[in-house]
Structures are given as structure tokens and as C-alpha cells.
Amino acid sequence: MRPVSRAVLAMAILAATSAESAHEPSSAVYVATYVEVMPNAVGAGAALLEQYHEATRAQAGNQRTEALQEIARPNRFALVEVWSTESTLNAHDTAPSTAHFRERLTAIQDAPPDERICRALDTGRGTGEGGAATIYVLTHVDVTPDHQEEFLGMAKDMSIETIKEDGNLGYRVLQQRSRLNHFTVVEEWSSREALEAHATAAHTRAFRARLQPMQGALYDERFYRKSD
């Protein structure tokens, strides 16, 4: 999935201007991995990701791991991980449980996992409470290099506004380390109704309108629940 050795993060996390935003330490490493299994292996895939989730959460330096299943296409999953340091992520890479996960996944995958190693730009936490109805949204945003800095400011403003909304549980803007003009936005919402209200909010519509001419690829937004 990824090479064992990596360069140390070159840039520090941008400080938030809002007191409502809480940030991980500057050494934190975020990993978003998209997993697709064969349609006849949905159950096996969900079980495998849950095993990986449990093993990973027990490892030193893991601050958070979420195993998610796409609502529209149940054979597609996502893993969102937060690691305290580069060294703890590298140790995870060589752990027996990680090797076991990769070996078993190879037998049922529809395509190789797509892994994005990122740093956090903004990690706002909303005031809502999660539950069985919680919806996770992972969005890949690709802007052209000449719009990268402009997007950084837009993303920070979007985070500040979004975490004020009813039903928001979190809004994280991640910058891909290997392609600095590629971003992953991770959202958590208490219900579909809260997510739909966010989609029609004035600041969301303004953000999308301003973003459109900057995009280098299709706006890729996917909806998930925690994997069963």
C-alpha cells in the first residue's frame, strides 16, 4: 500500500483563527485509504476492515481510526487514520496485523487500495453528538496549482462556518503530502437531515461556486457510515 520509509513532514499545520477549531499536534499524520472489494465479497471485506480497525486502534501512536462503508456502493470502503508521529505510522506499516490485512485484502479486492498520506490544515470539531445515524463524507478536491493558496484560505473559512451548523460533528481539511494541490475533506454529520441542510446553506453554495473554476478534476464526494 505504501513504502515503509517516508520523508518527514515538511510543513507545519496552519493555525486556526477560530477558537472553535481544535488541532492535532503538528507532527500528526493523517491517512485516508480507499478500499474496493469484489461485489461478492462485501461481507468478507467489512469483517476484514473491522479486524484491521481493532488491531490498529490498539497500536502505540494511533490517535484515531475509522473503518467506513460507502452507502451507495457497499463494496467500497474507506479507512481514516490519525497517527501521532511519522515513526508510529512507520511502525504500524511493519506490524504483523498490517501485513495480515494486506495479504487477505489482495484476495478479495477489486482494485489496489488508494492511499493518501496527508497533513491537517484545519480540524474543526462541531458541537453535535454522534450515533448510529452518523454520516461521514469524504471529498477529494483537486485544484490547479495556481489556485492552491487561494483554496487554503477558502477551506479555512469553510471549516469555521461549517462547525457552527446544527448536527455537525467535525470538519477536517487535509492536504495530500505528495501533491500539495490535492485535498481530502472529512466531514461527520449526526443525520442525513443535518447533511442536507449543510448542502443548501448559503456558505456551502458560495464555496462550491467559487471553487468550480479552480478545479483540476471532478469534485469527488462520497457518503459513508461506519462499517458493520
# chains A, B, ... in the order shown; residues from 1 in each chain; ligands from 1
>>> residues_around(residues="A:Asn40", least_positions_apart="3", cutoff="10 Å", atoms="only C-alpha atoms", output="list in words")
Val37, Gly43, Ala44, Gly45, Asn75 and Ile108 of chain A
>>> write_last_selection(atoms="N, CA and C atoms", output="mmCIF file, in the first residue's frame")
data_model
loop_
_atom_site.group_PDB
_atom_site.id
_atom_site.type_symbol
_atom_site.label_atom_id
_atom_site.label_comp_id
_atom_site.auth_asym_id
_atom_site.auth_seq_id
_atom_site.Cartn_x
_atom_site.Cartn_y
_atom_site.Cartn_z
ATOM 1 N N VAL A 37 -13.648 -3.783 -2.765
ATOM 2 C CA VAL A 37 -13.611 -5.242 -2.857
ATOM 3 C C VAL A 37 -14.587 -5.701 -3.932
ATOM 4 N N GLY A 43 -19.323 -8.808 2.605
ATOM 5 C CA GLY A 43 -19.281 -9.259 3.996
ATOM 6 C C GLY A 43 -17.870 -9.534 4.470
ATOM 7 N N ALA A 44 -17.098 -10.213 3.624
ATOM 8 C CA ALA A 44 -15.716 -10.515 3.980
ATOM 9 C C ALA A 44 -14.897 -9.238 4.100
ATOM 10 N N GLY A 45 -15.171 -8.273 3.216
ATOM 11 C CA GLY A 45 -14.456 -7.006 3.268
ATOM 12 C C GLY A 45 -14.763 -6.230 4.535
ATOM 13 N N ASN A 75 -19.626 -2.162 -1.607
ATOM 14 C CA ASN A 75 -18.356 -2.862 -1.777
ATOM 15 C C ASN A 75 -17.163 -1.897 -1.764
ATOM 16 N N ILE A 108 -9.449 -10.425 -2.198
ATOM 17 C CA ILE A 108 -10.842 -10.041 -2.443
ATOM 18 C C ILE A 108 -10.987 -8.648 -3.057
#
>>> residues_around(residues="stretch 95-101 of chain A", least_positions_apart="5", cutoff="9 Å", atoms="only C-alpha atoms", output="PDB file with C-alpha atoms, in the first residue's frame")
ATOM      1  CA  LEU A  48     -11.593  -7.661   7.400  1.00  0.00           C
ATOM      2  CA  LEU A  49     -11.722  -3.886   7.855  1.00  0.00           C
ATOM      3  CA  GLN A  51     -10.345  -6.582  12.296  1.00  0.00           C
ATOM      4  CA  TYR A  52      -7.885  -4.037  10.933  1.00  0.00           C
ATOM      5  CA  ALA A  55      -5.797  -4.036  15.697  1.00  0.00           C
ATOM      6  CA  THR A  56      -4.813  -0.540  14.586  1.00  0.00           C
ATOM      7  CA  ASN A  90       6.129   3.511  10.065  1.00  0.00           C
ATOM      8  CA  THR A 106      -5.363  -8.862  -2.000  1.00  0.00           C
TER       9      THR A 106
END
>>> closest_residue(among="A:Gly61, A:Glu188, A:Ala47, A:Glu103", to="A:Phe77", atoms="only C-alpha atoms")
A:Ala47
>>> closest_atom_pairs(of="stretch 52-169 of chain A", to="stretch 208-211 of chain A", cutoff="12 Å", atoms="only C-alpha atoms", output="tab-separated table")
residue	atom	partner	partner_atom	distance
A:Val141	CA	A:Leu211	CA	9.3
A:Asp142	CA	A:Leu211	CA	9.9
A:Val143	CA	A:Leu211	CA	8.2
A:Thr144	CA	A:Leu211	CA	10.6
A:His147	CA	A:Leu211	CA	9.4
A:Gln148	CA	A:Leu211	CA	10.9
A:Glu150	CA	A:Leu211	CA	9.6
A:Phe151	CA	A:Leu211	CA	7.7
A:Leu152	CA	A:Leu211	CA	11.2
A:Gly153	CA	A:Leu211	CA	11.6
A:Met154	CA	A:Leu211	CA	8.6
A:Ala155	CA	A:Leu211	CA	10.0
A:Met158	CA	A:Arg208	CA	10.3
>>> closest_atom_pairs(of="stretch 163-206 of chain A", to="stretch 115-124 of chain A", cutoff="8 Å", atoms="only C-alpha atoms", output="CSV")
residue,atom,partner,partner_atom,distance
A:Ile163,CA,A:Gly124,CA,6.3
A:Gly170,CA,A:Gly124,CA,5.7
A:Tyr171,CA,A:Gly124,CA,5.2
A:Arg172,CA,A:Thr123,CA,4.2
A:Val173,CA,A:Asp122,CA,5.3
A:Leu174,CA,A:Ala120,CA,4.5
A:Gln175,CA,A:Cys118,CA,5.1
A:Gln176,CA,A:Cys118,CA,4.3
A:Arg177,CA,A:Cys118,CA,5.0
A:Ser178,CA,A:Ile117,CA,7.6
>>> closest_residue(among="A:Glu187, A:Glu196, A:Glu221, A:Glu50", to="A:Tyr136", atoms="only C-alpha atoms")
A:Glu187
>>> select_by_dssp(residues="stretch 56-162 of chain A", states="strand (DSSP E or B)", output="PyMOL selection string")
chain A and resi 62-70+76-83+109-124+135-143
>>> write_last_selection(atoms="N, CA and C atoms", output="tab-separated table (two decimals), in the first residue's frame")
chain	number	residue	atom	x	y	z
A	62	ASN	N	-1.53	5.56	17.62
A	62	ASN	CA	-2.74	5.74	16.83
A	62	ASN	C	-3.73	6.58	17.61
A	63	GLN	N	-4.06	7.74	17.09
A	63	GLN	CA	-4.97	8.65	17.76
A	63	GLN	C	-6.42	8.41	17.36
A	64	ARG	N	-6.61	7.90	16.14
A	64	ARG	CA	-7.97	7.63	15.68
A	64	ARG	C	-7.92	6.78	14.43
A	65	THR	N	-8.86	5.84	14.33
A	65	THR	CA	-9.04	5.07	13.10
A	65	THR	C	-10.53	4.84	12.90
A	66	GLU	N	-11.01	5.14	11.72
A	66	GLU	CA	-12.41	4.89	11.37
A	66	GLU	C	-12.45	3.96	10.16
A	67	ALA	N	-13.24	2.89	10.26
A	67	ALA	CA	-13.49	1.99	9.13
A	67	ALA	C	-14.89	2.30	8.62
A	68	LEU	N	-15.00	2.77	7.38
A	68	LEU	CA	-16.26	3.27	6.84
A	68	LEU	C	-16.67	2.48	5.60
A	69	GLN	N	-17.98	2.39	5.39
A	69	GLN	CA	-18.54	1.68	4.24
A	69	GLN	C	-19.42	2.65	3.44
A	70	GLU	N	-19.19	2.71	2.13
A	70	GLU	CA	-19.93	3.66	1.31
A	70	GLU	C	-21.40	3.27	1.25
A	76	ARG	N	-17.45	-0.61	-1.52
A	76	ARG	CA	-16.38	0.37	-1.40
A	76	ARG	C	-16.30	0.87	0.04
A	77	PHE	N	-15.09	0.89	0.57
A	77	PHE	CA	-14.84	1.25	1.95
A	77	PHE	C	-13.80	2.37	2.01
A	78	ALA	N	-13.64	2.92	3.20
A	78	ALA	CA	-12.59	3.91	3.43
A	78	ALA	C	-12.05	3.74	4.84
A	79	LEU	N	-10.76	3.97	4.99
A	79	LEU	CA	-10.10	3.99	6.29
A	79	LEU	C	-9.55	5.39	6.51
A	80	VAL	N	-9.85	5.98	7.65
A	80	VAL	CA	-9.31	7.28	8.00
A	80	VAL	C	-8.52	7.10	9.30
A	81	GLU	N	-7.23	7.37	9.24
A	81	GLU	CA	-6.35	7.15	10.39
A	81	GLU	C	-5.63	8.45	10.76
A	82	VAL	N	-5.37	8.61	12.06
A	82	VAL	CA	-4.55	9.71	12.56
A	82	VAL	C	-3.45	9.11	13.42
A	83	TRP	N	-2.20	9.45	13.09
A	83	TRP	CA	-1.04	8.94	13.81
A	83	TRP	C	-0.28	10.09	14.45
A	109	GLN	N	-9.90	-7.95	-3.25
A	109	GLN	CA	-10.00	-6.57	-3.75
A	109	GLN	C	-10.38	-6.52	-5.23
A	110	ASP	N	-11.11	-5.47	-5.58
A	110	ASP	CA	-11.46	-5.22	-6.98
A	110	ASP	C	-10.38	-4.38	-7.64
A	111	ALA	N	-9.67	-3.63	-6.82
A	111	ALA	CA	-8.57	-2.78	-7.28
A	111	ALA	C	-7.65	-2.55	-6.10
A	112	PRO	N	-6.38	-2.23	-6.35
A	112	PRO	CA	-5.47	-1.96	-5.23
A	112	PRO	C	-5.96	-0.78	-4.40
A	113	PRO	N	-5.70	-0.78	-3.10
A	113	PRO	CA	-6.11	0.35	-2.25
A	113	PRO	C	-5.47	1.65	-2.72
A	114	ASP	N	-6.21	2.72	-2.59
A	114	ASP	CA	-5.73	4.06	-2.96
A	114	ASP	C	-5.51	4.83	-1.67
A	115	GLU	N	-4.25	5.05	-1.34
A	115	GLU	CA	-3.91	5.65	-0.05
A	115	GLU	C	-3.37	7.06	-0.22
A	116	ARG	N	-3.88	8.00	0.60
A	116	ARG	CA	-3.44	9.39	0.56
A	116	ARG	C	-2.88	9.76	1.94
A	117	ILE	N	-1.60	10.07	1.98
A	117	ILE	CA	-0.96	10.50	3.22
A	117	ILE	C	-1.00	12.02	3.26
A	118	CYS	N	-1.51	12.56	4.36
A	118	CYS	CA	-1.83	13.98	4.41
A	118	CYS	C	-1.35	14.64	5.71
A	119	ARG	N	-1.38	15.97	5.66
A	119	ARG	CA	-1.24	16.77	6.86
A	119	ARG	C	-2.54	17.53	7.04
A	120	ALA	N	-2.85	17.90	8.27
A	120	ALA	CA	-4.09	18.61	8.54
A	120	ALA	C	-3.89	20.11	8.39
A	121	LEU	N	-4.80	20.74	7.66
A	121	LEU	CA	-4.82	22.20	7.58
A	121	LEU	C	-5.74	22.77	8.65
A	122	ASP	N	-6.88	22.12	8.83
A	122	ASP	CA	-7.83	22.58	9.83
A	122	ASP	C	-8.67	21.40	10.29
A	123	THR	N	-8.83	21.26	11.60
A	123	THR	CA	-9.59	20.13	12.13
A	123	THR	C	-10.63	20.63	13.12
A	124	GLY	N	-11.67	21.28	12.60
A	124	GLY	CA	-12.71	21.81	13.44
A	124	GLY	C	-13.60	20.72	14.00
A	135	ILE	N	-23.35	10.18	9.54
A	135	ILE	CA	-22.90	10.07	8.16
A	135	ILE	C	-21.55	10.73	8.03
A	136	TYR	N	-20.64	10.03	7.39
A	136	TYR	CA	-19.29	10.55	7.11
A	136	TYR	C	-19.23	10.91	5.63
A	137	VAL	N	-18.60	12.03	5.34
A	137	VAL	CA	-18.43	12.46	3.95
A	137	VAL	C	-16.93	12.63	3.69
A	138	LEU	N	-16.44	11.94	2.68
A	138	LEU	CA	-15.05	12.11	2.23
A	138	LEU	C	-15.09	12.70	0.83
A	139	THR	N	-14.45	13.84	0.67
A	139	THR	CA	-14.44	14.54	-0.60
A	139	THR	C	-13.01	14.78	-1.04
A	140	HIS	N	-12.70	14.34	-2.26
A	140	HIS	CA	-11.39	14.65	-2.84
A	140	HIS	C	-11.53	15.90	-3.69
A	141	VAL	N	-10.73	16.91	-3.36
A	141	VAL	CA	-10.75	18.18	-4.09
A	141	VAL	C	-9.37	18.39	-4.72
A	142	ASP	N	-9.37	18.57	-6.02
A	142	ASP	CA	-8.13	18.78	-6.78
A	142	ASP	C	-8.24	20.16	-7.43
A	143	VAL	N	-7.38	21.11	-7.00
A	143	VAL	CA	-7.37	22.43	-7.63
A	143	VAL	C	-6.10	22.56	-8.45
>>> closest_residue(among="A:Glu149, A:Glu86, A:Asp166, A:Glu193", to="A:Ser27", atoms="only C-alpha atoms")
A:Glu86
>>> select_by_dssp(residues="stretch 78-225 of chain A", states="helix (DSSP H, G or I)", output="ChimeraX atom specification")
/A:86-93,96-108,145-162,192-200,202-214
>>> write_last_selection(atoms="C-alpha atoms", output="compact mmCIF listing (two decimals), in the first residue's frame")
# COMPACT_ATOMS: atom_id res chain seq x y z
CA GLU A 86 5.80 9.63 11.37
CA SER A 87 7.66 6.98 13.34
CA THR A 88 4.49 5.46 14.82
CA LEU A 89 2.99 5.24 11.32
CA ASN A 90 6.13 3.51 10.06
CA ALA A 91 5.93 1.03 12.96
CA HIS A 92 2.32 0.33 12.01
CA ASP A 93 3.46 -0.40 8.43
CA PRO A 96 2.11 -8.30 11.69
CA SER A 97 -1.55 -7.25 11.78
CA THR A 98 -0.96 -4.82 8.92
CA ALA A 99 0.77 -7.46 6.83
CA HIS A 100 -2.10 -9.86 7.56
CA PHE A 101 -4.66 -7.26 6.47
CA ARG A 102 -2.86 -6.57 3.19
CA GLU A 103 -2.47 -10.24 2.38
CA ARG A 104 -6.13 -11.04 2.95
CA LEU A 105 -7.30 -7.92 1.13
CA THR A 106 -5.36 -8.86 -2.00
CA ALA A 107 -7.53 -11.96 -2.41
CA ILE A 108 -10.84 -10.04 -2.44
CA PRO A 145 -1.54 24.64 -8.74
CA ASP A 146 -2.09 28.36 -9.40
CA HIS A 147 -5.17 28.27 -7.13
CA GLN A 148 -3.62 26.31 -4.27
CA GLU A 149 -3.07 29.24 -1.90
CA GLU A 150 -6.50 30.70 -2.61
CA PHE A 151 -8.11 27.37 -1.81
CA LEU A 152 -6.27 27.18 1.54
CA GLY A 153 -7.99 30.37 2.67
CA MET A 154 -11.35 29.20 1.35
CA ALA A 155 -11.04 25.87 3.16
CA LYS A 156 -10.26 27.54 6.48
CA ASP A 157 -13.28 29.85 6.17
CA MET A 158 -15.48 26.89 5.21
CA SER A 159 -14.36 24.97 8.27
CA ILE A 160 -15.12 27.87 10.61
CA GLU A 161 -18.65 28.23 9.21
CA THR A 162 -19.44 24.52 8.98
CA ARG A 192 -28.91 12.91 6.80
CA GLU A 193 -31.16 15.88 7.56
CA ALA A 194 -28.23 17.82 9.02
CA LEU A 195 -26.08 16.98 5.99
CA GLU A 196 -28.82 18.07 3.58
CA ALA A 197 -29.23 21.36 5.46
CA HIS A 198 -25.49 21.93 5.13
CA ALA A 199 -25.62 21.25 1.38
CA THR A 200 -28.16 24.02 0.90
CA ALA A 202 -25.55 29.84 1.75
CA HIS A 203 -21.88 29.48 2.68
CA THR A 204 -21.74 25.97 1.17
CA ARG A 205 -23.27 27.10 -2.11
CA ALA A 206 -20.92 30.10 -2.24
CA PHE A 207 -17.92 27.84 -1.59
CA ARG A 208 -18.88 25.46 -4.40
CA ALA A 209 -19.48 28.31 -6.84
CA ARG A 210 -16.10 29.87 -6.07
CA LEU A 211 -14.34 26.50 -6.22
CA GLN A 212 -15.69 25.41 -9.61
CA PRO A 213 -13.29 27.35 -11.87
CA MET A 214 -10.31 26.30 -9.73
>>> atom_distance(atom1="atom CA of A:His182", atom2="atom CA of A:Pro74")
25.4 Å
>>> atom_distance(atom1="atom CA of A:Ser227", atom2="atom CA of A:Gly167")
20.7 Å
>>> closest_residue(among="A:Val42, A:Asn181, A:Gln215, A:Thr85", to="A:Ala28", atoms="only C-alpha atoms")
A:Thr85
>>> atom_distance(atom1="atom CA of A:Ser190", atom2="atom CA of A:Ala132")
8.6 Å
>>> closest_residue(among="A:Trp189, A:Thr94, A:Arg73, A:Leu169", to="A:Glu36", atoms="only C-alpha atoms")
A:Arg73
>>> decode(residues="stretch 173-222 of chain A", atoms="N, CA and C atoms", output="short mmCIF file (atom, residue, chain, number, x, y, z; two decimals), in the first residue's frame")
data_model
loop_
_atom_site.label_atom_id
_atom_site.label_comp_id
_atom_site.auth_asym_id
_atom_site.auth_seq_id
_atom_site.Cartn_x
_atom_site.Cartn_y
_atom_site.Cartn_z
N VAL A 173 -9.91 19.37 7.06
CA VAL A 173 -9.36 19.63 5.74
C VAL A 173 -7.92 19.12 5.74
N LEU A 174 -7.64 18.15 4.87
CA LEU A 174 -6.33 17.50 4.81
C LEU A 174 -5.67 17.80 3.47
N GLN A 175 -4.38 18.04 3.50
CA GLN A 175 -3.61 18.30 2.28
C GLN A 175 -2.71 17.12 1.98
N GLN A 176 -2.84 16.59 0.77
CA GLN A 176 -2.05 15.42 0.39
C GLN A 176 -0.58 15.79 0.32
N ARG A 177 0.25 14.97 0.91
CA ARG A 177 1.66 15.30 1.03
C ARG A 177 2.42 15.21 -0.28
N SER A 178 2.04 14.28 -1.13
CA SER A 178 2.77 14.09 -2.39
C SER A 178 2.29 15.04 -3.49
N ARG A 179 1.07 15.57 -3.36
CA ARG A 179 0.51 16.52 -4.33
C ARG A 179 -0.18 17.62 -3.54
N LEU A 180 0.51 18.74 -3.37
CA LEU A 180 0.04 19.77 -2.46
C LEU A 180 -1.21 20.49 -2.94
N ASN A 181 -1.59 20.29 -4.19
CA ASN A 181 -2.83 20.88 -4.70
C ASN A 181 -4.00 19.89 -4.66
N HIS A 182 -3.81 18.76 -3.98
CA HIS A 182 -4.87 17.78 -3.78
C HIS A 182 -5.26 17.77 -2.30
N PHE A 183 -6.55 17.73 -2.04
CA PHE A 183 -7.04 17.81 -0.66
C PHE A 183 -8.11 16.76 -0.41
N THR A 184 -8.22 16.34 0.85
CA THR A 184 -9.30 15.46 1.28
C THR A 184 -10.05 16.17 2.39
N VAL A 185 -11.35 16.30 2.24
CA VAL A 185 -12.19 16.91 3.28
C VAL A 185 -12.98 15.79 3.94
N VAL A 186 -12.88 15.69 5.26
CA VAL A 186 -13.57 14.65 6.03
C VAL A 186 -14.60 15.33 6.91
N GLU A 187 -15.87 15.01 6.68
CA GLU A 187 -16.97 15.59 7.46
C GLU A 187 -17.71 14.50 8.23
N GLU A 188 -18.27 14.89 9.38
CA GLU A 188 -19.12 13.99 10.16
C GLU A 188 -20.40 14.74 10.49
N TRP A 189 -21.54 14.09 10.24
CA TRP A 189 -22.85 14.70 10.47
C TRP A 189 -23.72 13.75 11.28
N SER A 190 -24.51 14.31 12.17
CA SER A 190 -25.32 13.48 13.07
C SER A 190 -26.47 12.78 12.36
N SER A 191 -26.89 13.31 11.19
CA SER A 191 -28.02 12.73 10.48
C SER A 191 -28.01 13.18 9.03
N ARG A 192 -28.79 12.50 8.20
CA ARG A 192 -28.91 12.91 6.80
C ARG A 192 -29.56 14.29 6.69
N GLU A 193 -30.49 14.57 7.59
CA GLU A 193 -31.16 15.88 7.56
C GLU A 193 -30.16 17.01 7.81
N ALA A 194 -29.24 16.80 8.74
CA ALA A 194 -28.23 17.82 9.02
C ALA A 194 -27.31 18.01 7.82
N LEU A 195 -26.94 16.90 7.18
CA LEU A 195 -26.08 16.98 5.99
C LEU A 195 -26.79 17.70 4.85
N GLU A 196 -28.08 17.42 4.65
CA GLU A 196 -28.82 18.07 3.58
C GLU A 196 -28.98 19.57 3.85
N ALA A 197 -29.15 19.95 5.11
CA ALA A 197 -29.23 21.36 5.46
C ALA A 197 -27.90 22.06 5.16
N HIS A 198 -26.82 21.38 5.43
CA HIS A 198 -25.49 21.93 5.13
C HIS A 198 -25.31 22.13 3.63
N ALA A 199 -25.79 21.17 2.84
CA ALA A 199 -25.62 21.25 1.38
C ALA A 199 -26.32 22.46 0.79
N THR A 200 -27.39 22.90 1.43
CA THR A 200 -28.16 24.02 0.90
C THR A 200 -27.84 25.34 1.61
N ALA A 201 -26.93 25.32 2.58
CA ALA A 201 -26.57 26.54 3.31
C ALA A 201 -25.90 27.54 2.36
N ALA A 202 -26.08 28.80 2.64
CA ALA A 202 -25.55 29.84 1.75
C ALA A 202 -24.03 29.77 1.63
N HIS A 203 -23.34 29.52 2.75
CA HIS A 203 -21.88 29.48 2.68
C HIS A 203 -21.38 28.27 1.90
N THR A 204 -22.12 27.15 1.94
CA THR A 204 -21.74 25.97 1.17
C THR A 204 -21.90 26.23 -0.32
N ARG A 205 -23.01 26.81 -0.69
CA ARG A 205 -23.27 27.10 -2.11
C ARG A 205 -22.26 28.12 -2.65
N ALA A 206 -21.90 29.10 -1.82
CA ALA A 206 -20.92 30.10 -2.24
C ALA A 206 -19.54 29.46 -2.41
N PHE A 207 -19.21 28.55 -1.52
CA PHE A 207 -17.92 27.84 -1.59
C PHE A 207 -17.83 27.04 -2.89
N ARG A 208 -18.89 26.29 -3.20
CA ARG A 208 -18.88 25.46 -4.40
C ARG A 208 -18.80 26.32 -5.67
N ALA A 209 -19.50 27.43 -5.67
CA ALA A 209 -19.48 28.31 -6.84
C ALA A 209 -18.09 28.91 -7.05
N ARG A 210 -17.44 29.29 -5.97
CA ARG A 210 -16.10 29.87 -6.07
C ARG A 210 -15.06 28.82 -6.44
N LEU A 211 -15.29 27.58 -5.97
CA LEU A 211 -14.34 26.50 -6.22
C LEU A 211 -14.37 26.03 -7.67
N GLN A 212 -15.53 26.06 -8.30
CA GLN A 212 -15.69 25.41 -9.61
C GLN A 212 -14.62 25.78 -10.64
N PRO A 213 -14.30 27.05 -10.84
CA PRO A 213 -13.29 27.35 -11.87
C PRO A 213 -11.86 27.01 -11.47
N MET A 214 -11.65 26.66 -10.20
CA MET A 214 -10.31 26.30 -9.73
C MET A 214 -10.00 24.81 -9.90
N GLN A 215 -11.02 24.00 -10.12
CA GLN A 215 -10.87 22.55 -10.05
C GLN A 215 -10.02 21.99 -11.19
N GLY A 216 -9.16 21.04 -10.80
CA GLY A 216 -8.36 20.35 -11.79
C GLY A 216 -8.94 18.99 -12.14
N ALA A 217 -9.96 18.56 -11.39
CA ALA A 217 -10.61 17.27 -11.63
C ALA A 217 -12.01 17.35 -11.04
N LEU A 218 -12.82 16.34 -11.33
CA LEU A 218 -14.19 16.29 -10.84
C LEU A 218 -14.22 16.30 -9.31
N TYR A 219 -15.14 17.03 -8.74
CA TYR A 219 -15.36 17.08 -7.29
C TYR A 219 -15.90 15.73 -6.85
N ASP A 220 -15.11 14.96 -6.12
CA ASP A 220 -15.45 13.56 -5.79
C ASP A 220 -15.91 13.48 -4.34
N GLU A 221 -17.23 13.41 -4.14
CA GLU A 221 -17.83 13.40 -2.81
C GLU A 221 -18.51 12.06 -2.57
N ARG A 222 -18.15 11.38 -1.47
CA ARG A 222 -18.71 10.06 -1.17
C ARG A 222 -19.25 10.04 0.24
#
